[in-house]
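*Asks:* Provided herewith: protein.tsv, TSV, C-alpha atoms.
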chain	number	residue	atom	x	y	z
A	1	MET	CA	101.88	141.53	121.06
A	2	ALA	CA	99.69	142.76	123.91
A	3	ASN	CA	101.38	145.26	126.17
A	4	THR	CA	100.85	148.30	128.34
A	5	PRO	CA	102.06	151.70	127.12
A	6	SER	CA	104.04	152.60	130.25
A	7	ILE	CA	107.04	150.29	129.76
A	8	PRO	CA	110.25	152.36	129.69
A	9	SER	CA	112.95	151.70	127.09
A	10	HIS	CA	115.67	151.65	129.77
A	11	THR	CA	115.50	150.51	133.38
A	12	LYS	CA	117.49	150.09	136.58
A	13	ALA	CA	119.42	146.88	137.19
A	14	TRP	CA	122.47	145.36	138.88
A	15	VAL	CA	125.11	144.40	136.30
A	16	TYR	CA	128.59	142.90	136.15
A	17	SER	CA	130.82	143.21	133.07
A	18	GLN	CA	133.70	140.92	134.05
A	19	TYR	CA	134.12	137.62	135.86
A	20	GLY	CA	135.27	137.57	139.47
A	21	ASN	CA	133.94	138.28	142.94
A	22	ILE	CA	130.30	139.35	142.57
A	23	GLU	CA	130.57	141.65	145.58
A	24	GLU	CA	133.32	143.63	143.85
A	25	ASN	CA	132.07	143.53	140.26
A	26	LEU	CA	128.34	144.09	140.66
A	27	LYS	CA	127.40	147.68	139.79
A	28	PHE	CA	124.11	149.59	139.88
A	29	ASP	CA	123.14	150.79	136.40
A	30	THR	CA	120.22	153.15	135.76
A	31	ASN	CA	120.33	152.80	131.98
A	32	VAL	CA	119.94	149.12	131.08
A	33	PRO	CA	117.82	148.39	127.98
A	34	THR	CA	114.47	146.83	128.89
A	35	PRO	CA	114.38	143.28	127.47
A	36	HIS	CA	111.79	142.48	124.80
A	37	PRO	CA	109.78	139.26	125.11
A	38	LYS	CA	110.02	136.71	122.29
A	39	GLU	CA	106.87	135.00	121.01
A	40	ASP	CA	106.87	132.39	123.82
A	41	GLN	CA	107.91	134.83	126.56
A	42	VAL	CA	106.35	137.38	128.88
A	43	LEU	CA	107.82	140.62	130.16
A	44	ILE	CA	107.61	140.83	133.95
A	45	LYS	CA	107.68	143.92	136.14
A	46	VAL	CA	109.83	142.50	138.91
A	47	VAL	CA	108.46	142.93	142.45
A	48	ALA	CA	110.88	140.59	144.25
A	49	ALA	CA	113.91	138.45	143.33
A	50	ALA	CA	115.77	135.77	145.30
A	51	LEU	CA	119.50	135.16	145.39
A	52	ASN	CA	121.00	131.71	144.80
A	53	PRO	CA	124.51	130.27	145.19
A	54	VAL	CA	124.57	129.67	141.42
A	55	ASP	CA	124.63	133.47	140.93
A	56	ILE	CA	127.98	133.61	142.73
A	57	LYS	CA	129.43	130.64	140.82
A	58	ARG	CA	128.28	132.11	137.53
A	59	ALA	CA	129.83	135.50	138.34
A	60	ILE	CA	133.16	133.86	139.21
A	61	GLY	CA	133.16	132.25	135.76
A	62	TYR	CA	132.62	128.73	137.09
A	63	PHE	CA	130.82	127.76	133.85
A	64	LYS	CA	131.86	130.59	131.56
A	65	ASP	CA	132.37	128.25	128.58
A	66	ILE	CA	128.59	127.72	128.41
A	67	ASP	CA	127.53	131.06	129.89
A	68	SER	CA	125.90	133.81	127.86
A	69	PRO	CA	128.16	136.74	126.87
A	70	LEU	CA	128.81	139.50	129.41
A	71	PRO	CA	127.55	141.95	130.63
A	72	THR	CA	125.13	140.11	132.89
A	73	VAL	CA	122.22	141.11	135.08
A	74	PRO	CA	122.19	138.19	137.57
A	75	GLY	CA	119.17	136.56	139.15
A	76	TYR	CA	117.20	133.36	138.46
A	77	ASP	CA	114.19	133.61	140.78
A	78	VAL	CA	111.47	136.18	140.15
A	79	ALA	CA	108.03	137.15	141.36
A	80	GLY	CA	106.19	139.96	139.65
A	81	VAL	CA	103.43	141.14	137.33
A	82	VAL	CA	103.09	140.41	133.61
A	83	VAL	CA	103.20	143.66	131.61
A	84	SER	CA	103.59	142.29	128.08
A	85	VAL	CA	103.09	138.90	126.40
A	86	GLY	CA	104.43	137.29	123.23
A	87	ASN	CA	102.04	136.16	120.47
A	88	GLN	CA	102.27	132.46	121.36
A	89	VAL	CA	101.64	132.89	125.10
A	90	LYS	CA	98.33	131.32	126.18
A	91	LYS	CA	98.63	130.77	129.93
A	92	PHE	CA	99.23	134.37	131.04
A	93	LYS	CA	97.81	137.80	130.32
A	94	VAL	CA	98.83	141.33	131.22
A	95	GLY	CA	98.22	141.92	134.93
A	96	ASP	CA	98.78	138.31	136.05
A	97	GLU	CA	100.91	137.78	139.15
A	98	VAL	CA	103.55	135.16	138.34
A	99	TYR	CA	106.67	133.54	139.71
A	100	GLY	CA	109.38	131.21	138.47
A	101	ASP	CA	113.03	130.45	137.80
A	102	ILE	CA	113.60	132.28	134.51
A	103	ASN	CA	116.34	129.93	133.23
A	104	GLU	CA	115.08	126.54	132.06
A	105	ILE	CA	118.58	125.02	132.02
A	106	THR	CA	120.58	126.37	134.96
A	107	LEU	CA	124.10	126.38	133.52
A	108	ASP	CA	123.52	126.44	129.75
A	109	HIS	CA	123.45	130.01	128.46
A	110	PRO	CA	121.27	131.50	131.21
A	111	LYS	CA	119.70	134.86	130.41
A	112	THR	CA	121.83	138.00	130.53
A	113	ALA	CA	118.74	139.98	131.63
A	114	GLY	CA	118.19	138.34	135.02
A	115	SER	CA	115.73	139.12	137.79
A	116	LEU	CA	117.81	141.74	139.65
A	117	ALA	CA	116.25	144.44	137.51
A	118	GLU	CA	113.00	146.37	137.19
A	119	TYR	CA	112.00	144.14	134.26
A	120	THR	CA	112.92	140.65	133.09
A	121	VAL	CA	111.63	138.19	130.49
A	122	ALA	CA	110.85	134.50	130.85
A	123	GLU	CA	109.33	131.72	128.77
A	124	GLU	CA	105.74	130.85	129.54
A	125	LYS	CA	106.70	127.26	130.44
A	126	VAL	CA	109.00	128.23	133.34
A	127	LEU	CA	106.38	130.40	135.06
A	128	ALA	CA	103.33	129.75	137.20
A	129	HIS	CA	100.57	131.84	138.72
A	130	LYS	CA	101.58	133.10	142.15
A	131	PRO	CA	99.65	131.34	144.94
A	132	SER	CA	97.17	133.90	146.25
A	133	ASN	CA	98.15	133.41	149.90
A	134	LEU	CA	101.84	134.16	149.29
A	135	SER	CA	103.41	137.60	149.17
A	136	PHE	CA	105.70	138.42	146.25
A	137	VAL	CA	108.66	138.11	148.63
A	138	GLU	CA	107.58	134.62	149.71
A	139	ALA	CA	106.89	133.56	146.12
A	140	ALA	CA	110.26	134.82	144.86
A	141	SER	CA	112.03	132.68	147.46
A	142	LEU	CA	110.66	129.43	146.08
A	143	PRO	CA	111.18	128.52	142.40
A	144	LEU	CA	114.78	127.34	141.99
A	145	ALA	CA	114.92	125.80	145.48
A	146	ILE	CA	111.53	124.07	145.52
A	147	ILE	CA	111.88	122.70	141.97
A	148	THR	CA	115.36	121.42	142.88
A	149	ALA	CA	113.94	119.81	146.03
A	150	TYR	CA	111.01	118.21	144.21
A	151	GLN	CA	112.84	117.00	141.10
A	152	GLY	CA	115.70	115.62	143.21
A	153	LEU	CA	113.24	113.52	145.21
A	154	GLU	CA	111.62	112.36	141.99
A	155	ARG	CA	115.02	111.56	140.46
A	156	ILE	CA	115.69	108.98	143.18
A	157	GLU	CA	112.10	107.69	143.08
A	158	PHE	CA	111.36	108.72	146.64
A	159	SER	CA	107.96	107.52	147.79
A	160	SER	CA	105.64	106.96	150.72
A	161	GLY	CA	107.03	104.90	153.58
A	162	LYS	CA	110.71	105.54	152.85
A	163	SER	CA	113.19	107.19	155.21
A	164	ILE	CA	115.40	110.11	154.25
A	165	LEU	CA	118.42	111.98	155.56
A	166	VAL	CA	118.70	115.60	154.37
A	167	LEU	CA	122.18	117.14	154.50
A	168	GLY	CA	121.89	120.90	154.97
A	169	GLY	CA	118.32	120.86	156.23
A	170	ALA	CA	118.26	124.54	157.19
A	171	GLY	CA	119.35	125.85	153.78
A	172	GLY	CA	117.26	127.11	150.89
A	173	VAL	CA	116.87	123.69	149.24
A	174	GLY	CA	117.16	121.48	152.33
A	175	SER	CA	114.38	123.26	154.22
A	176	LEU	CA	112.04	122.51	151.33
A	177	VAL	CA	113.23	118.91	150.89
A	178	ILE	CA	112.18	118.23	154.50
A	179	GLN	CA	108.73	119.74	153.94
A	180	LEU	CA	108.13	118.01	150.59
A	181	ALA	CA	109.37	114.66	151.91
A	182	LYS	CA	106.89	114.94	154.77
A	183	HIS	CA	103.79	116.44	153.15
A	184	VAL	CA	104.01	115.52	149.46
A	185	PHE	CA	105.95	112.24	149.43
A	186	GLU	CA	104.82	111.02	152.90
A	187	ALA	CA	108.21	109.89	154.21
A	188	SER	CA	108.17	107.39	157.09
A	189	ARG	CA	111.07	109.11	158.86
A	190	ILE	CA	113.05	112.28	158.20
A	191	ALA	CA	116.50	113.06	159.59
A	192	ALA	CA	118.41	116.24	158.77
A	193	THR	CA	121.73	117.91	159.56
A	194	ALA	CA	122.43	121.50	160.61
A	195	SER	CA	124.58	123.42	163.07
A	196	THR	CA	123.73	123.61	166.79
A	197	THR	CA	121.57	126.73	166.73
A	198	LYS	CA	119.38	125.43	163.89
A	199	LEU	CA	118.32	122.04	165.32
A	200	GLU	CA	114.98	123.29	166.67
A	201	PHE	CA	114.28	124.84	163.30
A	202	LEU	CA	114.74	121.42	161.64
A	203	LYS	CA	112.17	119.92	164.01
A	204	LYS	CA	109.69	122.70	163.24
A	205	LEU	CA	110.07	121.93	159.53
A	206	GLY	CA	109.13	118.30	160.20
A	207	ALA	CA	112.41	116.45	160.89
A	208	ASP	CA	112.06	113.52	163.30
A	209	LEU	CA	115.80	113.49	164.00
A	210	ALA	CA	117.92	116.66	164.02
A	211	ILE	CA	121.65	115.95	163.76
A	212	ASP	CA	124.25	118.52	164.85
A	213	TYR	CA	126.97	118.11	162.23
A	214	THR	CA	129.43	120.04	164.43
A	215	LYS	CA	129.21	117.28	167.06
A	216	GLU	CA	128.18	114.10	165.25
A	217	ASN	CA	129.31	112.27	162.13
A	218	TYR	CA	126.01	111.32	160.54
A	219	GLU	CA	127.58	108.53	158.49
A	220	GLN	CA	128.63	106.78	161.71
A	221	LEU	CA	125.09	106.53	163.07
A	222	SER	CA	123.79	103.00	163.47
A	223	GLU	CA	120.62	104.09	161.67
A	224	LYS	CA	120.82	104.03	157.86
A	225	PHE	CA	118.38	105.58	155.42
A	226	ASP	CA	116.60	104.65	152.20
A	227	VAL	CA	117.64	107.96	150.67
A	228	VAL	CA	120.17	110.70	151.40
A	229	TYR	CA	119.54	114.11	149.82
A	230	ASP	CA	122.85	115.97	149.79
A	231	ALA	CA	122.33	119.73	149.57
A	232	VAL	CA	125.83	120.63	150.82
A	233	GLY	CA	128.26	118.73	148.56
A	234	ASP	CA	129.22	115.90	150.92
A	235	SER	CA	128.39	112.87	148.78
A	236	GLU	CA	131.58	111.01	149.71
A	237	ARG	CA	130.27	110.63	153.27
A	238	ALA	CA	126.61	110.52	152.23
A	239	VAL	CA	127.03	107.21	150.41
A	240	LYS	CA	127.99	105.64	153.77
A	241	ALA	CA	124.69	106.69	155.37
A	242	VAL	CA	122.31	104.80	153.08
A	243	LYS	CA	120.90	101.31	153.49
A	244	GLU	CA	122.04	98.61	151.11
A	245	GLY	CA	120.27	99.37	147.84
A	246	GLY	CA	119.53	102.93	148.98
A	247	LYS	CA	120.10	106.03	146.88
A	248	VAL	CA	122.00	109.30	147.26
A	249	VAL	CA	121.23	112.42	145.25
A	250	THR	CA	123.53	115.46	145.33
A	251	ILE	CA	122.85	118.92	143.93
A	252	LEU	CA	126.54	119.79	143.86
A	253	PRO	CA	128.28	117.95	140.99
A	254	PRO	CA	130.31	115.90	140.32
A	255	GLY	CA	129.27	113.68	143.25
A	256	THR	CA	130.90	110.49	144.47
A	257	PRO	CA	129.46	107.34	142.85
A	258	PRO	CA	127.00	105.80	143.40
A	259	ALA	CA	125.57	109.24	144.31
A	260	ILE	CA	123.52	110.75	141.50
A	261	ALA	CA	124.46	114.34	140.65
A	262	PHE	CA	121.46	116.36	139.62
A	263	LEU	CA	120.55	119.86	138.41
A	264	LEU	CA	117.00	121.10	138.08
A	265	THR	CA	115.13	121.92	134.90
A	266	SER	CA	113.01	124.98	135.60
A	267	ASP	CA	109.37	124.08	135.05
A	268	GLY	CA	106.23	126.04	135.81
A	269	ALA	CA	104.26	122.77	135.85
A	270	VAL	CA	106.09	121.70	139.03
A	271	LEU	CA	105.12	124.98	140.70
A	272	GLU	CA	101.49	124.48	139.62
A	273	LYS	CA	101.57	120.90	140.94
A	274	LEU	CA	102.80	122.10	144.34
A	275	LYS	CA	100.31	125.00	144.49
A	276	PRO	CA	97.75	123.13	146.68
A	277	TYR	CA	100.44	122.39	149.29
A	278	LEU	CA	101.54	126.04	149.31
A	279	GLU	CA	97.99	127.42	149.42
A	280	SER	CA	97.02	125.09	152.27
A	281	GLY	CA	100.11	126.17	154.24
A	282	LYS	CA	101.44	122.61	154.51
A	283	VAL	CA	104.58	123.64	152.62
A	284	LYS	CA	105.89	127.06	153.63
A	285	PRO	CA	108.44	129.39	152.05
A	286	ILE	CA	111.40	129.80	154.40
A	287	LEU	CA	112.87	133.30	154.44
A	288	ASP	CA	116.04	134.22	156.27
A	289	PRO	CA	115.18	136.65	159.10
A	290	LYS	CA	117.24	139.35	157.34
A	291	SER	CA	115.04	139.13	154.23
A	292	PRO	CA	114.02	141.11	152.36
A	293	PHE	CA	117.03	143.27	151.53
A	294	PRO	CA	116.19	146.49	149.64
A	295	PHE	CA	117.30	146.71	146.00
A	296	SER	CA	120.01	149.21	146.98
A	297	GLU	CA	121.61	146.60	149.29
A	298	THR	CA	121.92	143.78	146.76
A	299	VAL	CA	125.72	143.65	147.16
A	300	GLU	CA	125.34	143.34	150.95
A	301	ALA	CA	122.81	140.57	150.38
A	302	TYR	CA	125.33	138.63	148.27
A	303	SER	CA	127.95	139.13	151.00
A	304	TYR	CA	125.54	137.58	153.45
A	305	LEU	CA	124.76	134.68	151.09
A	306	ASN	CA	128.51	134.08	150.83
A	307	THR	CA	128.79	133.50	154.60
A	308	ASN	CA	126.72	130.30	154.23
A	309	ARG	CA	124.91	131.27	157.43
A	310	ALA	CA	121.52	132.09	155.93
A	311	VAL	CA	118.50	130.11	157.10
A	312	GLY	CA	116.20	129.63	154.12
A	313	LYS	CA	116.28	132.21	151.36
A	314	ILE	CA	117.57	135.73	150.81
A	315	VAL	CA	115.15	137.93	148.84
A	316	ILE	CA	115.48	141.42	147.35
A	317	HIS	CA	112.43	143.69	147.62
A	318	PRO	CA	111.17	146.25	146.72
A	319	ILE	CA	112.57	146.61	143.20
A	320	PRO	CA	113.42	149.39	142.94
Once more with this new file: its structure as structure tokens, please.

*Replies:*
Amino acid sequence: MANTPSIPSHTKAWVYSQYGNIEENLKFDTNVPTPHPKEDQVLIKVVAAALNPVDIKRAIGYFKDIDSPLPTVPGYDVAGVVVSVGNQVKKFKVGDEVYGDINEITLDHPKTAGSLAEYTVAEEKVLAHKPSNLSFVEAASLPLAIITAYQGLERIEFSSGKSILVLGGAGGVGSLVIQLAKHVFEASRIAATASTTKLEFLKKLGADLAIDYTKENYEQLSEKFDVVYDAVGDSERAVKAVKEGGKVVTILPPGTPPAIAFLLTSDGAVLEKLKPYLESGKVKPILDPKSPFPFSETVEAYSYLNTNRAVGKIVIHPIP
């Protein structure tokens, strides 16, 4: 195993030891054992980590029957530098700048040593080389959201010339669905929903039609769409907004049939595939204006995520 000699045995991390409100249970711990990479894993010195709604659901115990045992260091998204590699790792070497969602299967025994720590481990296959034009903060904001956006569009066989309605277009996933639909999948028309103050933002992302959900019922529009991408959990209404034979995908199970409920599989190959679009600037990371939060304000960052008012992603940096 190739590694650098300066890796400490114990590191700083945010940890919870019981299920419940993450804002109440998350504690700063200066003495967490540094995880050791398995043969197919790398050890990453974390530079930035992004928060996701799944962190909050996991901490509540929403899927505790298939969760890993407590205590837990939360965090799925990471950007950082490889400091040690397992014997079977071929794609990365010590010193490489990488990013990814460290949990291949989102809800099935995710890692207890998450990204809200000085060090985390991840399998080679869930990581990609960080695009050179992106900062660590920008890169950390992307993996879970952009893979969810991309795989959801693939799941419903979205393709050039089709129209799409994105529910929650200003959120972490929705803001990337709009961009991917436009630049990667070449949608013919993109509509998206958000609240009043975020409509201009939707148009900047590439939406042709920005719908104020506080004033309009999107499912009552005369215009119907080939595809509806539901990033807010509103599939019951979403199925009324598609054309006959159209498809609805929702990222918040269970979903109302015929909507297809979908969860990502973390995959570094998707990040590599999207690298040209990120490096050219066609697809941009969307950071909430309050990002990044310092490591010491991780609890405050989760409080802000819980308001559902964030535009784009909330990132923690520097660590520590």

*Asks:* Sorted by chain and rising residue number, which residues of region 185-280 of chain A lie within 9 Å of region 284-303 of chain A, and what are their closest atom pairs and distances in Å to one decimal, counting only C-alpha atoms, as JSON lines?

*Replies:*
{"residue": "A:Leu205", "atom": "CA", "partner": "A:Lys284", "partner_atom": "CA", "distance": 8.9}
{"residue": "A:Tyr277", "atom": "CA", "partner": "A:Lys284", "partner_atom": "CA", "distance": 8.4}
{"residue": "A:Leu278", "atom": "CA", "partner": "A:Lys284", "partner_atom": "CA", "distance": 6.2}
{"residue": "A:Glu279", "atom": "CA", "partner": "A:Lys284", "partner_atom": "CA", "distance": 9.0}

*Asks:* When you count all atoms listed in the file, which of these residues is closest to His109 (chain A): A:Val85, A:Val32, A:Ala140, A:Ile66?

*Replies:*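 Result for the nearest residue to His109 (chain A): A:Ile66.
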
*Asks:* Identify which of the residues A:Leu153, A:Leu264, A:Ala170, A:Val73 lies closest to Trp14 (chain A), counting all atoms listed in the file when measuring atom-to-atom distances.

*Replies:*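 Checking each candidate against Trp14 (chain A), we get A:Val73 as the closest.
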
*Asks:* Give the answer as one residue: which of A:Asp77, A:Glu138, A:Glu216, A:Glu97 has the shortest atom-to-atom distance to Pro53 (chain A), using all atoms listed in the file?

*Replies:* A:Asp77

*Asks:* Residues within 8 Å of Ala207 (chain A), please, as a list in words. Count all atoms listed in the file; anything in the same chain fewer than 5 positions from it doesn't count.

*Replies:*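 Within the cut-off, the hits are Ile178, Arg189, Ile190, Ala191, Ala192 and Leu202 of chain A.
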
*Asks:* Any chance you could tabulate, as CSV, the residues of region 138-190 of chain A at most 10 Å from region 221-237 of chain A with each one's nearest atom pair and distance in Å to one decimal, using all atoms listed in the file, in chain and rising number order?

*Replies:*
residue,atom,partner,partner_atom,distance
A:Thr148,CA,A:Ala231,CA,9.8
A:Ala149,CA,A:Tyr229,CA,8.8
A:Gly152,CA,A:Tyr229,CA,7.8
A:Leu153,CA,A:Tyr229,CA,7.8
A:Ile156,CA,A:Val227,CA,7.8
A:Glu157,CA,A:Val227,CA,9.4
A:Phe158,CA,A:Val227,CA,7.5
A:Gly161,CA,A:Asp226,CA,9.7
A:Lys162,CA,A:Asp226,CA,6.0
A:Ser163,CA,A:Asp226,CA,5.2
A:Ile164,CA,A:Val227,CA,4.7
A:Leu165,CA,A:Val228,CA,4.7
A:Val166,CA,A:Tyr229,CA,4.9
A:Leu167,CA,A:Asp230,CA,4.9
A:Gly168,CA,A:Ala231,CA,5.5
A:Gly169,CA,A:Ala231,CA,7.9
A:Ala170,CA,A:Ala231,CA,9.9
A:Gly171,CA,A:Ala231,CA,8.0
A:Gly172,CA,A:Ala231,CA,9.1
A:Val173,CA,A:Ala231,CA,6.8
A:Gly174,CA,A:Ala231,CA,6.1
A:Ser175,CA,A:Ala231,CA,9.9
A:Val177,CA,A:Tyr229,CA,8.0
A:Ile178,CA,A:Tyr229,CA,9.6
A:Arg189,CA,A:Phe225,CA,8.8
A:Ile190,CA,A:Phe225,CA,9.0

*Asks:* With a cut-off of 12 Å, could you pull out the residues of region 10-55 of chain A touching region 117-131 of chain A and give me the nearest pair of atoms for each, distance in Å to one decimal, using only C-alpha atoms, ordered by chain and ascending number, as a tab-separated table?

*Replies:*
residue	atom	partner	partner_atom	distance
A:His10	CA	A:Tyr119	CA	9.5
A:Thr11	CA	A:Glu118	CA	6.2
A:Lys12	CA	A:Ala117	CA	5.9
A:Ala13	CA	A:Ala117	CA	4.0
A:Trp14	CA	A:Ala117	CA	6.4
A:Val15	CA	A:Ala117	CA	8.9
A:Lys27	CA	A:Ala117	CA	11.8
A:Phe28	CA	A:Ala117	CA	9.7
A:Asp29	CA	A:Ala117	CA	9.4
A:Thr30	CA	A:Ala117	CA	9.7
A:Asn31	CA	A:Ala117	CA	10.8
A:Val32	CA	A:Ala117	CA	8.8
A:Pro33	CA	A:Tyr119	CA	9.6
A:Thr34	CA	A:Tyr119	CA	6.5
A:Pro35	CA	A:Thr120	CA	6.4
A:His36	CA	A:Val121	CA	7.1
A:Pro37	CA	A:Val121	CA	5.8
A:Lys38	CA	A:Glu123	CA	8.2
A:Glu39	CA	A:Glu123	CA	8.8
A:Asp40	CA	A:Glu123	CA	5.6
A:Gln41	CA	A:Glu123	CA	4.1
A:Val42	CA	A:Val121	CA	5.6
A:Leu43	CA	A:Val121	CA	4.5
A:Ile44	CA	A:Thr120	CA	5.4
A:Lys45	CA	A:Tyr119	CA	4.7
A:Val46	CA	A:Glu118	CA	5.3
A:Val47	CA	A:Glu118	CA	7.8
A:Ala48	CA	A:Glu118	CA	9.4
A:Ala49	CA	A:Ala117	CA	8.7
A:Ala50	CA	A:Ala117	CA	11.7

*Asks:* CA of Ser115 (chain A) to CA of Gly75 (chain A): how many Å, to one decimal?

*Replies:*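 CA of Gly75 (chain A) lies at a distance of 4.5 Å from CA of Ser115 (chain A).
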
*Asks:* In terms of the shortest atom-to-atom distance over only C-alpha atoms, which of A:Glu200, A:Glu154, A:Asp108, A:Asp212 is closest to Arg58 (chain A)?

*Replies:*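 Closest to Arg58 (chain A), using only C-alpha atoms: A:Asp108.
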
*Asks:* If you count all atoms listed in the file, which residues fall within 8 Å of Phe262 (chain A), apart from same-chain ones fewer than 2 positions away, as a PyMOL selection string?

*Replies:* chain A and resi 152+249-253+260+264

*Asks:* May I have the residues from that selection written out with C-alpha atoms, as a CSV table (one decimal), in the coordinates of the input?

*Replies:*
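Resulting contents of selection.csv:
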chain,number,residue,atom,x,y,z
A,152,GLY,CA,115.7,115.6,143.2
A,249,VAL,CA,121.2,112.4,145.2
A,250,THR,CA,123.5,115.5,145.3
A,251,ILE,CA,122.8,118.9,143.9
A,252,LEU,CA,126.5,119.8,143.9
A,253,PRO,CA,128.3,118.0,141.0
A,260,ILE,CA,123.5,110.8,141.5
A,264,LEU,CA,117.0,121.1,138.1

*Asks:* Please compute the CA of Ala139 (chain A)-CA of Val315 (chain A) distance, one decimal, in Å.

*Replies:* 9.7 Å

*Asks:* What is the CA of Pro257 (chain A)-CA of Phe63 (chain A) distance in Å, reported with one decimal?

*Replies:* 22.4 Å

*Asks:* Given the point (127.5, 130.7, 130.8) in the file's coordinates, find the residues that have an atom at most 10 Å from it, counting all atoms listed in the file, and give them as a list in words.

*Replies:*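 Residues with an atom close enough to that point: Arg58, Ala59, Gly61, Tyr62, Phe63, Lys64, Asp65, Ile66, Asp67, Ser68, Pro69, Leu70, Thr72, Thr106, Leu107, Asp108, His109, Pro110, Lys111 and Thr112 of chain A.
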
*Asks:* Of the residues A:Ala181, A:Leu116, A:Ile56, A:Ala261, which is the one nearest to Ile319 (chain A), using only C-alpha atoms?

*Replies:* A:Leu116

*Asks:* For Asn308 (chain A), which residue out of A:Ser188, A:Ser132, A:Asn52, A:Ser266 is the nearest one, using all atoms listed in the file?

*Replies:*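 Among A:Ser188, A:Ser132, A:Asn52, A:Ser266, it is A:Asn52 that comes nearest to Asn308 (chain A).
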
*Asks:* Put a box with edges along x, y and z around all the listed atoms of region 45-63 of chain A, pad it by 5 Å on each side, then give me its centre and sizes in Å, one decimal, as AutoDock Vina command-line options.

*Replies:*
--center_x 120.4 --center_y 135.8 --center_z 139.6 --size_x 35.5 --size_y 26.2 --size_z 21.5
